[in-house]
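What follows is the content of input-v2.txt, which has compact mmCIF, C-alpha atoms and all ligand atoms:
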# COMPACT_ATOMS: atom_id res chain seq x y z
CA MET A 196 39.47 141.88 86.67
CA GLU A 197 37.83 144.81 85.01
CA GLU A 198 35.95 143.89 81.91
CA VAL A 199 37.14 145.85 78.91
CA ARG A 200 35.24 145.43 75.73
CA GLY A 201 35.24 147.39 72.56
CA ASP A 202 38.82 148.34 71.69
CA VAL A 203 37.22 149.78 68.60
CA SER A 204 34.92 152.55 69.74
CA ASP A 205 32.82 153.30 66.67
CA VAL A 206 30.12 150.69 66.30
CA LEU A 207 29.49 149.78 62.68
CA PRO A 208 26.32 148.20 61.40
CA VAL A 209 27.36 144.63 60.71
CA ASP A 210 25.50 142.21 58.52
CA VAL A 211 25.75 138.45 58.81
CA ALA A 212 27.78 138.07 55.62
CA VAL A 213 30.54 140.26 57.10
CA MET A 214 30.38 138.43 60.44
CA GLU A 215 31.10 135.10 58.87
CA GLU A 216 34.30 136.48 57.39
CA VAL A 217 35.65 137.65 60.76
CA ARG A 218 37.45 134.59 61.99
CA VAL A 219 40.35 136.13 63.92
CA PHE A 220 39.84 138.43 66.90
CA PRO A 221 41.45 139.53 70.19
CA LEU A 222 40.23 138.22 73.55
CA THR A 223 40.03 139.53 77.09
CA CYS A 224 40.60 136.50 79.28
CA ALA A 225 39.27 135.51 82.68
CA VAL A 226 41.49 135.83 85.75
CA GLN A 227 41.05 133.49 88.72
CA ASN A 228 42.13 135.00 92.02
CA TYR A 229 42.57 131.72 93.92
CA ALA A 230 44.30 132.13 97.30
CA TRP A 231 47.38 130.10 96.22
CA GLY A 232 48.31 132.56 93.45
CA LYS A 233 51.27 134.93 93.45
CA ILE A 234 50.38 138.36 94.82
CA GLY A 235 50.00 141.57 92.78
CA LEU A 236 52.66 142.24 90.18
CA ASP A 237 54.82 139.34 91.46
CA SER A 238 52.36 137.24 89.45
CA GLU A 239 53.09 136.52 85.78
CA VAL A 240 49.31 136.38 85.32
CA ALA A 241 48.94 139.95 86.61
CA LYS A 242 51.87 141.13 84.47
CA LEU A 243 50.32 139.64 81.34
CA VAL A 244 46.90 141.09 82.14
CA VAL A 245 48.20 144.63 82.58
CA GLY A 246 50.51 144.20 79.56
CA GLY A 247 47.54 143.24 77.40
CA ASP A 248 45.45 146.11 78.74
CA PRO A 249 47.28 148.96 80.56
CA LEU A 250 43.92 150.28 81.84
CA VAL A 251 43.44 147.29 84.14
CA VAL A 252 44.26 148.07 87.76
CA ILE A 253 46.27 145.35 89.54
CA GLU A 254 45.63 145.24 93.29
CA VAL A 255 48.92 144.97 95.20
CA ASP A 256 47.69 142.52 97.85
CA LYS A 257 45.44 140.32 95.73
CA PRO A 258 46.44 136.88 94.38
CA TYR A 259 46.46 136.47 90.60
CA ALA A 260 46.53 132.68 90.22
CA GLU A 261 45.27 131.74 86.75
CA LEU A 262 44.54 133.28 83.37
CA TRP A 263 42.00 131.19 81.43
CA MET A 264 42.21 131.43 77.67
CA GLY A 265 39.30 129.44 76.34
CA ALA A 266 35.55 128.93 76.37
CA HIS A 267 35.06 127.16 79.73
CA PRO A 268 31.71 128.23 81.28
CA LYS A 269 33.49 129.24 84.53
CA GLY A 270 35.76 131.64 82.63
CA ASP A 271 34.61 132.17 79.06
CA ALA A 272 36.89 134.70 77.29
CA GLN A 273 35.32 138.01 76.23
CA ILE A 274 35.57 139.01 72.59
CA LYS A 275 37.43 142.33 72.52
CA ASP A 276 35.65 143.85 69.54
CA ASN A 277 32.15 145.24 69.87
CA ARG A 278 31.48 144.95 66.13
CA ILE A 279 31.05 141.22 66.78
CA ALA A 280 27.55 140.31 67.93
CA GLN A 281 28.58 137.56 70.35
CA THR A 282 30.06 138.65 73.67
CA THR A 283 32.12 135.56 74.52
CA LEU A 284 34.25 132.99 72.76
CA GLY A 285 31.87 130.22 73.86
CA GLN A 286 28.94 132.01 72.26
CA TRP A 287 30.94 132.58 69.08
CA ILE A 288 31.93 128.92 68.77
CA ALA A 289 28.31 127.86 69.38
CA HIS A 290 27.27 130.09 66.43
CA TYR A 291 30.16 129.25 64.12
CA PRO A 292 31.37 125.74 65.05
CA ALA A 293 33.10 125.52 61.66
CA CYS A 294 35.77 127.80 63.16
CA LEU A 295 37.07 124.74 65.05
CA GLY A 296 38.08 122.99 61.82
CA ALA A 297 36.12 120.06 60.43
CA LYS A 298 38.06 117.30 62.22
CA VAL A 299 38.11 119.00 65.62
CA LYS A 300 34.44 119.92 65.33
CA ASP A 301 33.48 116.29 64.69
CA ALA A 302 35.86 114.72 67.21
CA PHE A 303 34.86 117.03 70.08
CA GLN A 304 31.12 117.59 69.39
CA GLY A 305 31.48 121.23 68.36
CA GLN A 306 33.42 122.25 71.50
CA LEU A 307 36.89 123.75 71.84
CA PRO A 308 38.66 120.65 73.24
CA PHE A 309 41.23 122.43 75.39
CA LEU A 310 41.59 125.10 78.04
CA PHE A 311 44.80 127.14 77.75
CA LYS A 312 46.09 128.81 80.91
CA VAL A 313 48.87 130.74 82.59
CA LEU A 314 49.44 129.81 86.27
CA SER A 315 51.35 131.77 88.93
CA VAL A 316 51.80 129.52 91.94
CA ASN A 317 52.84 130.96 95.31
CA THR A 318 51.75 128.17 97.68
CA ALA A 319 51.40 124.49 96.76
CA LEU A 320 48.30 123.15 95.05
CA SER A 321 46.85 119.84 96.19
CA ILE A 322 48.56 116.58 95.27
CA GLN A 323 46.23 115.04 92.73
CA ALA A 324 45.65 112.70 89.83
CA HIS A 325 43.11 112.71 87.02
CA PRO A 326 41.16 109.65 85.87
CA ASN A 327 41.26 108.22 82.36
CA LYS A 328 38.10 108.49 80.25
CA GLU A 329 36.68 105.16 81.38
CA LEU A 330 37.17 105.83 85.09
CA ALA A 331 35.93 109.43 84.69
CA ALA A 332 32.64 108.14 83.26
CA THR A 333 32.24 105.60 86.10
CA LEU A 334 33.06 108.14 88.83
CA ASN A 335 30.78 110.77 87.28
CA ALA A 336 27.86 108.32 87.19
CA LYS A 337 28.42 107.19 90.81
CA PHE A 338 29.51 110.40 92.53
CA PRO A 339 28.53 113.41 90.41
CA GLU A 340 29.00 115.69 93.44
CA HIS A 341 32.75 114.95 93.44
CA TYR A 342 33.32 114.19 89.73
CA PRO A 343 31.38 116.75 87.69
CA ASP A 344 31.88 115.44 84.14
CA ASN A 345 32.74 112.29 82.22
CA ASN A 346 35.92 113.47 80.51
CA HIS A 347 39.60 112.73 81.14
CA LYS A 348 41.91 115.62 82.06
CA PRO A 349 45.41 115.23 80.68
CA GLU A 350 47.49 118.32 81.48
CA MET A 351 50.77 119.83 80.33
CA ALA A 352 52.77 122.42 82.27
CA ILE A 353 55.53 124.40 80.53
CA ALA A 354 57.72 126.50 82.83
CA LEU A 355 57.85 130.26 82.23
CA THR A 356 60.01 130.80 85.30
CA ARG A 357 61.81 128.14 87.38
CA PHE A 358 58.90 125.86 88.25
CA GLN A 359 58.72 123.38 91.15
CA GLY A 360 56.36 120.46 91.41
CA LEU A 361 55.90 116.80 92.28
CA CYS A 362 55.36 114.19 89.56
CA GLY A 363 55.12 110.39 89.51
CA PHE A 364 56.58 107.82 91.93
CA ARG A 365 60.30 108.03 92.66
CA PRO A 366 62.66 105.18 91.83
CA VAL A 367 62.28 102.47 94.52
CA GLU A 368 65.84 102.97 95.78
CA GLU A 369 65.00 106.57 96.68
CA ILE A 370 61.81 105.59 98.51
CA LEU A 371 63.69 102.89 100.43
CA GLY A 372 66.31 105.50 101.30
CA PHE A 373 63.65 107.72 102.88
CA LEU A 374 62.06 104.75 104.69
CA GLN A 375 65.43 104.22 106.31
CA ALA A 376 66.31 107.86 106.98
CA VAL A 377 62.88 109.06 108.12
CA PRO A 378 61.51 106.84 110.94
CA GLU A 379 58.29 108.88 111.14
CA PHE A 380 57.59 108.03 107.48
CA HIS A 381 58.50 104.37 108.07
CA ALA A 382 56.02 104.27 110.97
CA LEU A 383 53.13 105.22 108.67
CA VAL A 384 54.05 102.73 105.95
CA GLY A 385 54.71 99.90 108.44
CA ARG A 386 57.37 97.22 108.55
CA ASP A 387 55.48 94.67 106.41
CA ALA A 388 54.83 96.93 103.45
CA ALA A 389 58.32 98.42 103.62
CA GLU A 390 59.88 94.93 103.62
CA ASP A 391 57.69 93.91 100.64
CA LEU A 392 59.01 96.90 98.72
CA ARG A 393 62.62 96.13 99.60
CA SER A 394 62.36 92.50 98.51
CA SER A 395 60.52 93.35 95.29
CA ILE A 396 63.48 95.07 93.62
CA GLY A 397 64.13 93.63 90.18
CA ASP A 398 60.56 92.37 89.69
CA GLU A 399 58.49 95.11 88.06
CA VAL A 400 55.09 93.60 88.80
CA ARG A 401 55.85 92.91 92.45
CA THR A 402 57.40 96.36 92.86
CA SER A 403 54.27 98.00 91.55
CA GLN A 404 52.10 95.94 93.95
CA ALA A 405 54.39 96.65 96.90
CA LEU A 406 54.44 100.36 96.11
CA LYS A 407 50.65 100.41 96.03
CA LYS A 408 50.59 98.65 99.41
CA CYS A 409 53.06 101.15 100.92
CA PHE A 410 51.22 104.20 99.59
CA SER A 411 47.78 102.85 100.56
CA LYS A 412 48.98 102.06 104.10
CA MET A 413 50.17 105.62 104.52
CA MET A 414 47.07 107.22 102.98
CA SER A 415 44.68 105.18 105.15
CA CYS A 416 46.41 105.98 108.46
CA GLU A 417 44.20 107.53 111.09
CA LYS A 418 44.50 111.28 111.27
CA LYS A 419 45.71 111.32 114.86
CA VAL A 420 48.52 108.89 113.97
CA PHE A 421 49.88 110.79 110.99
CA VAL A 422 49.52 114.21 112.64
CA ASP A 423 51.57 112.98 115.63
CA GLU A 424 54.25 111.53 113.33
CA LEU A 425 54.31 114.67 111.23
CA ASN A 426 54.71 116.92 114.27
CA GLU A 427 57.51 114.68 115.51
CA LEU A 428 59.25 114.82 112.11
CA VAL A 429 58.90 118.59 111.78
CA LYS A 430 60.27 119.06 115.31
CA ARG A 431 63.25 116.82 114.60
CA VAL A 432 64.10 118.40 111.23
CA THR A 433 63.73 121.91 112.69
CA GLN A 434 66.11 121.04 115.53
CA GLU A 435 68.61 119.44 113.16
CA GLY A 436 68.47 122.50 110.90
CA ALA A 437 68.99 124.85 113.87
CA ALA A 438 72.03 122.78 114.89
CA GLY A 439 73.50 123.32 111.44
CA LYS A 440 72.99 119.70 110.33
CA ASP A 441 72.26 118.72 106.73
CA THR A 442 68.59 117.64 106.61
CA SER A 443 68.54 116.62 102.93
CA SER A 444 68.18 112.91 103.78
CA SER A 445 64.76 113.87 105.21
CA ASN A 446 64.07 116.30 102.35
CA GLY A 447 64.02 118.85 105.18
CA ASP A 448 63.64 122.16 103.31
CA LEU A 449 60.70 120.99 101.21
CA LEU A 450 59.06 119.31 104.21
CA LEU A 451 59.19 122.47 106.33
CA ARG A 452 57.96 124.61 103.46
CA LEU A 453 54.94 122.40 102.75
CA HIS A 454 54.22 121.95 106.46
CA SER A 455 54.14 125.72 106.95
CA GLN A 456 51.53 125.93 104.17
CA TYR A 457 49.54 122.82 105.15
CA PRO A 458 50.22 121.96 108.82
CA GLY A 459 49.04 118.49 109.81
CA ASP A 460 48.39 117.42 106.20
CA ILE A 461 49.15 113.85 105.05
CA GLY A 462 50.40 115.34 101.75
CA CYS A 463 53.58 116.49 103.55
CA PHE A 464 54.70 112.82 103.58
CA SER A 465 54.09 112.44 99.84
CA ILE A 466 57.44 114.07 99.14
CA TYR A 467 59.05 110.75 100.09
CA PHE A 468 57.06 108.89 97.43
CA LEU A 469 56.94 111.40 94.58
CA ASN A 470 59.66 112.93 92.40
CA TYR A 471 60.52 116.54 93.21
CA MET A 472 60.73 118.34 89.87
CA VAL A 473 62.45 121.64 89.11
CA LEU A 474 61.69 122.72 85.54
CA GLU A 475 63.81 125.42 83.93
CA PRO A 476 61.97 127.88 81.62
CA GLY A 477 60.86 126.01 78.49
CA GLN A 478 60.94 122.57 80.18
CA ALA A 479 57.63 120.77 80.51
CA MET A 480 55.89 117.95 82.31
CA PHE A 481 52.94 116.05 80.91
CA LEU A 482 50.44 114.67 83.40
CA GLY A 483 48.65 111.77 81.80
CA ALA A 484 45.87 109.74 83.41
CA ASN A 485 46.51 108.42 86.94
CA GLU A 486 49.84 110.23 87.35
CA PRO A 487 50.15 111.72 90.86
CA HIS A 488 51.34 115.33 90.73
CA ALA A 489 51.33 118.71 92.42
CA TYR A 490 52.46 122.22 91.56
CA ILE A 491 54.54 123.83 94.30
CA TYR A 492 55.92 127.16 93.10
CA GLY A 493 56.52 129.20 89.94
CA ASP A 494 54.87 130.43 86.75
CA CYS A 495 53.87 128.19 83.87
CA ILE A 496 51.85 127.84 80.72
CA GLU A 497 49.29 125.09 81.16
CA CYS A 498 47.07 123.34 78.67
CA MET A 499 44.47 120.71 79.50
CA ALA A 500 41.48 118.87 78.16
CA CYS A 501 38.17 120.45 79.23
CA SER A 502 37.25 118.66 82.45
CA ASP A 503 37.10 119.21 86.21
CA ASN A 504 37.78 115.65 87.40
CA THR A 505 40.42 115.68 90.11
CA VAL A 506 41.16 113.01 92.72
CA ARG A 507 43.14 114.54 95.60
CA ALA A 508 45.88 113.00 97.73
CA GLY A 509 46.78 115.74 100.19
CA LEU A 510 47.93 119.36 100.60
CA THR A 511 44.26 120.25 100.52
CA ARG A 512 41.34 121.07 102.72
CA LYS A 513 39.03 119.46 100.15
CA TYR A 514 37.63 115.94 100.04
CA ILE A 515 40.14 113.08 99.65
CA ASP A 516 38.71 109.91 98.11
CA VAL A 517 41.40 107.54 99.44
CA ASN A 518 39.97 104.35 97.92
CA THR A 519 39.59 105.72 94.40
CA LEU A 520 42.98 107.39 94.61
CA CYS A 521 44.89 104.32 95.80
CA GLU A 522 43.19 102.10 93.21
CA MET A 523 43.75 104.36 90.21
CA LEU A 524 47.36 105.55 90.51
CA ASN A 525 50.14 104.68 88.11
CA TYR A 526 52.55 102.81 90.46
CA LYS A 527 55.45 102.83 88.05
CA PRO A 528 58.61 104.14 89.67
CA ALA A 529 60.76 106.35 87.44
CA SER A 530 63.38 109.07 87.80
CA ALA A 531 62.57 112.77 87.92
CA SER A 532 64.54 113.37 84.72
CA SER A 533 62.39 110.82 82.86
CA LYS A 534 59.32 112.87 83.81
CA ILE A 535 60.48 115.87 81.79
CA PHE A 536 58.40 115.91 78.63
CA LEU A 537 60.52 116.13 75.50
CA CYS A 538 59.60 118.89 73.10
CA VAL A 539 60.66 118.78 69.45
CA GLN A 540 61.62 121.30 66.80
CA ASP A 541 58.89 121.73 64.18
CA PRO A 542 60.50 120.37 60.99
CA ALA A 543 58.52 122.92 58.97
CA ASP A 544 59.53 126.02 60.96
CA PRO A 545 62.77 126.62 62.90
CA CYS A 546 60.97 129.21 65.09
CA VAL A 547 58.48 126.66 66.45
CA THR A 548 58.98 124.17 69.29
CA LEU A 549 56.22 121.54 69.59
CA TYR A 550 54.94 120.13 72.88
CA ASP A 551 52.81 117.36 71.47
CA PRO A 552 51.47 114.99 74.16
CA PRO A 553 50.04 111.51 73.38
CA VAL A 554 46.41 112.76 73.55
CA PRO A 555 44.33 114.31 70.75
CA ASP A 556 42.88 117.14 72.86
CA PHE A 557 45.74 119.63 72.59
CA THR A 558 49.23 120.53 71.41
CA VAL A 559 51.19 123.58 72.53
CA MET A 560 53.64 125.44 70.31
CA LYS A 561 56.29 127.86 71.48
CA ILE A 562 57.05 130.39 68.77
CA GLN A 563 60.32 132.31 69.10
CA VAL A 564 60.81 134.95 66.44
CA PRO A 565 64.47 136.02 66.46
CA ALA A 566 65.41 139.72 66.51
CA SER A 567 66.58 139.51 62.88
CA VAL A 568 63.12 138.50 61.59
CA LYS A 569 60.70 141.39 61.13
CA GLU A 570 57.98 139.70 59.05
CA TYR A 571 56.75 136.37 60.41
CA THR A 572 53.79 134.25 59.39
CA VAL A 573 51.94 132.25 62.04
CA ALA A 574 51.05 129.28 59.84
CA SER A 575 47.50 128.03 59.50
CA VAL A 576 46.56 124.73 61.16
CA ASP A 577 43.44 122.61 60.74
CA SER A 578 42.25 123.55 64.24
CA ALA A 579 41.07 126.63 66.07
CA SER A 580 43.94 128.00 68.11
CA ILE A 581 44.67 130.54 70.80
CA LEU A 582 47.77 132.69 70.60
CA LEU A 583 49.38 134.42 73.61
CA VAL A 584 52.22 136.95 73.44
CA ILE A 585 54.75 136.50 76.26
CA GLU A 586 57.32 138.98 74.98
CA GLY A 587 57.62 141.47 72.12
CA ASP A 588 55.42 143.71 69.97
CA ALA A 589 53.92 143.33 66.52
CA THR A 590 51.10 144.39 64.28
CA ALA A 591 49.04 141.35 63.31
CA THR A 592 47.29 141.28 59.95
CA SER A 593 44.86 138.66 58.75
CA ALA A 594 42.38 138.48 55.89
CA ALA A 595 39.96 137.11 58.50
CA ALA A 596 40.23 140.01 60.99
CA PHE A 597 38.18 143.22 61.02
CA SER A 598 41.32 145.32 61.18
CA ASP A 599 45.00 145.09 62.13
CA VAL A 600 45.54 144.06 65.75
CA THR A 601 48.30 145.45 67.95
CA MET A 602 50.01 142.53 69.67
CA ARG A 603 52.09 143.10 72.81
CA ARG A 604 53.01 141.22 75.97
CA GLY A 605 49.75 139.75 77.29
CA SER A 606 47.75 140.03 74.03
CA VAL A 607 45.57 136.99 73.28
CA LEU A 608 44.19 136.22 69.84
CA PHE A 609 41.62 133.64 68.77
CA VAL A 610 42.45 132.20 65.36
CA SER A 611 39.91 130.06 63.49
CA ALA A 612 41.04 126.90 61.71
CA ASN A 613 42.96 127.34 58.47
CA GLU A 614 43.69 131.04 59.01
CA SER A 615 47.23 132.40 59.00
CA ILE A 616 48.43 135.59 60.70
CA SER A 617 51.12 137.95 59.42
CA LEU A 618 53.16 139.54 62.18
CA HIS A 619 55.05 142.74 61.49
CA VAL A 620 57.44 142.69 64.46
CA THR A 621 58.18 146.12 65.92
CA SER A 622 60.17 145.16 69.04
CA GLN A 623 63.98 145.15 68.77
CA SER A 624 64.54 141.81 70.54
CA GLY A 625 62.14 139.57 68.65
CA MET A 626 59.03 137.89 70.04
CA THR A 627 57.97 134.90 72.13
CA LEU A 628 54.46 133.50 71.75
CA PHE A 629 52.65 130.35 72.86
CA ARG A 630 49.87 128.80 70.85
CA ALA A 631 47.42 126.03 71.76
CA CYS A 632 45.53 123.97 69.19
CA SER A 633 44.42 120.39 68.58
CA LEU A 634 46.46 118.48 66.00
CA LEU A 635 44.34 115.38 65.45
ZN ZN A 701 46.27 118.25 87.78
Let me see the structure of the file written as C-alpha cells.
Ligand SMILES: [Zn+2]
Amino acid sequence: MEEVRGDVSDVLPVDVAVMEEVRVFPLTCAVQNYAWGKIGLDSEVAKLVVGGDPLVVIEVDKPYAELWMGAHPKGDAQIKDNRIAQTTLGQWIAHYPACLGAKVKDAFQGQLPFLFKVLSVNTALSIQAHPNKELAATLNAKFPEHYPDNNHKPEMAIALTRFQGLCGFRPVEEILGFLQAVPEFHALVGRDAAEDLRSSIGDEVRTSQALKKCFSKMMSCEKKVFVDELNELVKRVTQEGAAGKDTSSSNGDLLLRLHSQYPGDIGCFSIYFLNYMVLEPGQAMFLGANEPHAYIYGDCIECMACSDNTVRAGLTRKYIDVNTLCEMLNYKPASASSKIFLCVQDPADPCVTLYDPPVPDFTVMKIQVPASVKEYTVASVDSASILLVIEGDATATSAAAFSDVTMRRGSVLFVSANESISLHVTSQSGMTLFRACSLL
C-alpha cells in the first residue's frame, strides 16, 4: 500500500525532552497481499485501510490478505506523525523500551511480544500446527532453513464475519463414521489402523495412540496412491451431487471446495480427521502448541506471539515435514463446540470483553462503546497496547500524545504502558474497537 506519513504537515523542532513525553501515536500498518486474500474491497483488510486513510487507492483485482499491526521486521508499522524522529514502531520501541511496561520489557527482552493482525481469507490457508517453545528451539537448531526462530507461536482468531476453519481432532465416533462412509479415506488409513481406533474407544491413552497411527498412515502414503484415491472420491461425490444425493456423509461440499483450490493435495482428506469450525462474529478459537488447524474462509482479528515457526500438514505447495508433524500433534479428540474459546466480561468495565489465552504473550480486548456513551476512557494497562477501530468515530485525547487524534474505522493507535486515552465519541451508533496487549 501507499506509504502515508506526516498527517501533521508543519514540522516542529523537537527536542528529546518533548519526545520522551510522546507515548501515544497513530500508526500506518503494513498490508500483505498474499494470493489467498479476499480481493479488492471485498476484503475487510482493504476496507479498514481505506477507512483509516481515504487517500489510499485500493486495486479492484488485488488480494488484501493481512494487516500487520506491530513491529515485526517483515511489516514494521510506520509512525504517522513526522514530528517523531523514528520512522517505525520497531525503531521507537528500540529507543524507548520503557514504553512496553516494566514487566513486559523484562519478560520479552525489550520486544513487543505480540503481532496483532486482521485477516481476510478467500481461499484456504495450509493445515498447520505450531511447536511449543522446547520443540521450536530444537527444530530451529537442527533445521534453521525451515524453522527460522526459537519461539512458540500460539495464535488466537476472533471472527469479524462468519469465519470457517479446521481445528483439532474430531471426536473418534465422527472419524469412525467417515472411515465407514468414505472408502477412499479408509484405503489411505488402512484396515489395521482403523480397527485399532475402533477398538480403542473408552481408553483415552489407546485412542490417542490409535489416532496418531491412523493420521500418520494417511500422511505417509505415497503421492500416487493418495492422488488416485482423491480423484476417485471427488468423482464419486461430484456424481452423487449431480444426481441430487445428499453428500454430507462424505463432507462433500467442503471436499469439493478444498479440492478446487488444492487439487491432488493430501490436505483434502484432513477434513475427515479435523473439526470443521464455523465461528460467528465475536466467537474465537485459540490455537495452542501442537493443535492442527487451518483457516478456510472469512475475516478475523488475529493475535499471535512473534514467531514464524509453522509445521504444515497439507493444502500447501510448501514443504511438509511429515515426521515432525506426526510426532508433535495433540491427538486428543474433542468436539468442535469445545474448540470455541470462551471470552469473559471484564469485571472492571462492562464495555470490555476479554479474550485471555493461557499464554503470557498476548490478550485481546473487544471494546464496545454503546450509542448512549459519548465520553469513554480506554483504561491504562501495564503493557504497551495497539488499538484498532472497527466501527465508529471519535476524537482521542491523551496527555501522552502530541495532539488530539481523529479515530475512525481503520485507525490504529499505539499506546505506551500505563497511558489512558479519552474518547469523545462522535458517531451516532457507538464504537467497536479491538485492543492487543500483554497481561502478564
Ligand atoms: Zn497457525
Notebook entry, point to check: So which residues are near ligand ZN 701 (chain A), meaning at most 7 Å away with only C-alpha atoms and all ligand atoms counted, given back as a PyMOL selection string?
Noted result: chain A and resi 323-325+350+488-489+505
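Put simply, atom CA of Gly625 of chain A is 18.3 Å away from atom CA of Leu608 of chain A.
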For segment 526-603 of chain A versus segment 403-409 of chain A, which residues have an atom no more than 9 Å away, and what is each residue's nearest atom pair and distance in Å rounded to one decimal, using all atoms listed in the file, chain-then-number order, as CSV?
residue,atom,partner,partner_atom,distance
A:Tyr526,CA,A:Ser403,CA,5.2
A:Lys527,CA,A:Ser403,CA,6.1
A:Pro528,CA,A:Ser403,CA,7.8
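What separates atom CA of Met480 of chain A from atom CA of Gly265 of chain A is a distance of 21.0 Å.
Between atom CA of Asp271 of chain A and atom CA of Phe303 of chain A there is a distance of 17.6 Å.
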Worksheet entry | Residue neighbourhood Val226 of chain A, 12 Å, all atoms listed in the file, exclusion window fewer than 2 positions, as a PyMOL selection string | chain A and resi 196-198+223-224+228-229+232+238-245+251+253+257-265+269-273+312-315
Ser624 of chain A surroundings by all atoms listed in the file, 10 Å radius, close-in-sequence under 6 positions cut, as a PDB file with C-alpha atoms, keeping the file's coordinate frame:
ATOM      1  CA  VAL A 564      60.810 134.950  66.440  1.00  0.00           C
ATOM      2  CA  PRO A 565      64.470 136.020  66.460  1.00  0.00           C
ATOM      3  CA  ALA A 566      65.410 139.720  66.510  1.00  0.00           C
ATOM      4  CA  SER A 567      66.580 139.510  62.880  1.00  0.00           C
ATOM      5  CA  VAL A 568      63.120 138.500  61.590  1.00  0.00           C
ATOM      6  CA  GLU A 586      57.320 138.980  74.980  1.00  0.00           C
ATOM      7  CA  GLY A 587      57.620 141.470  72.120  1.00  0.00           C
ATOM      8  CA  ASP A 588      55.420 143.710  69.970  1.00  0.00           C
TER       9      ASP A 588
END
Problem set entry | Thr511 of chain A surroundings by only C-alpha atoms, 10 Å radius, close-in-sequence under 5 positions cut, as a list in words | Ala319, Leu320, Ser321, Ile322, Gln323, Gln456, Tyr457, Asp460, Ile461 and Gly462 of chain A
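When only C-alpha atoms are used to compute distances to His347 of chain A, the closest of the residues A:Phe364, A:Phe373, A:Phe309, A:Phe609 turns out to be A:Phe309.
Non-sequential neighbours of Pro487 of chain A (distance at most 10 Å, separation of 5 or more positions within a chain, only C-alpha atoms) are Ile322, Gln323, Ala324, His325, Leu361, Cys362, Gly363, Phe364, Ser465, Phe468, Leu469, Asn470, Leu482, Val506, Arg507, Ala508, Leu520, Met523, Leu524, Asn525 and Tyr526 of chain A.
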Compile the contact shell of Ala302 of chain A as an MDAnalysis selection string: residues with an atom at most 10 Å away, counting all atoms listed in the file, same-chain residues fewer than 6 positions apart removed.
chainID A and resid 308 555:556 635
Gly360 of chain A proximity check over A:Leu383, A:Met472, A:Val620, A:Val547, using all atoms listed in the file: winner is A:Met472
Exercise. Is there a way to get, as a VMD selection string, all residues within 9 Å of the point (46.5, 105.0, 102.7) in file coordinates, counting only C-alpha atoms?
Worked result: chain A and resid 383 to 384 408 to 416 517 to 518 521
Store the residues picked out above in a file with C-alpha atoms, as a JSON list (two decimals), keeping the file's coordinate frame.
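Wrote it out as part-v6.json, contents follow:
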[["chain", "number", "residue", "atom", "x", "y", "z"],
["A", 383, "LEU", "CA", 53.13, 105.22, 108.67],
["A", 384, "VAL", "CA", 54.05, 102.73, 105.95],
["A", 408, "LYS", "CA", 50.59, 98.65, 99.41],
["A", 409, "CYS", "CA", 53.06, 101.15, 100.92],
["A", 410, "PHE", "CA", 51.22, 104.20, 99.59],
["A", 411, "SER", "CA", 47.78, 102.85, 100.56],
["A", 412, "LYS", "CA", 48.98, 102.06, 104.10],
["A", 413, "MET", "CA", 50.17, 105.62, 104.52],
["A", 414, "MET", "CA", 47.07, 107.22, 102.98],
["A", 415, "SER", "CA", 44.68, 105.18, 105.15],
["A", 416, "CYS", "CA", 46.41, 105.98, 108.46],
["A", 517, "VAL", "CA", 41.40, 107.54, 99.44],
["A", 518, "ASN", "CA", 39.97, 104.35, 97.92],
["A", 521, "CYS", "CA", 44.89, 104.32, 95.80]]
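Among the candidates A:Lys419, A:Asn346, A:Ser445, A:Ala591, the one nearest to Gly372 of chain A when counting all atoms listed in the file is A:Ser445.
Take the candidates A:Pro268, A:Ser617, A:Asn335, A:Glu486 and check each one against Ser593 of chain A using only C-alpha atoms; the shortest distance goes to A:Ser617.
Using only C-alpha atoms, the smallest distance between any of A:His381, A:Arg630, A:Lys534, A:Arg604 and Ile581 of chain A comes from A:Arg630.
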Restricting to all atoms listed in the file, whichever of A:His341, A:Met626, A:Glu435, A:Val377 is closest to Ile515 of chain A is A:His341
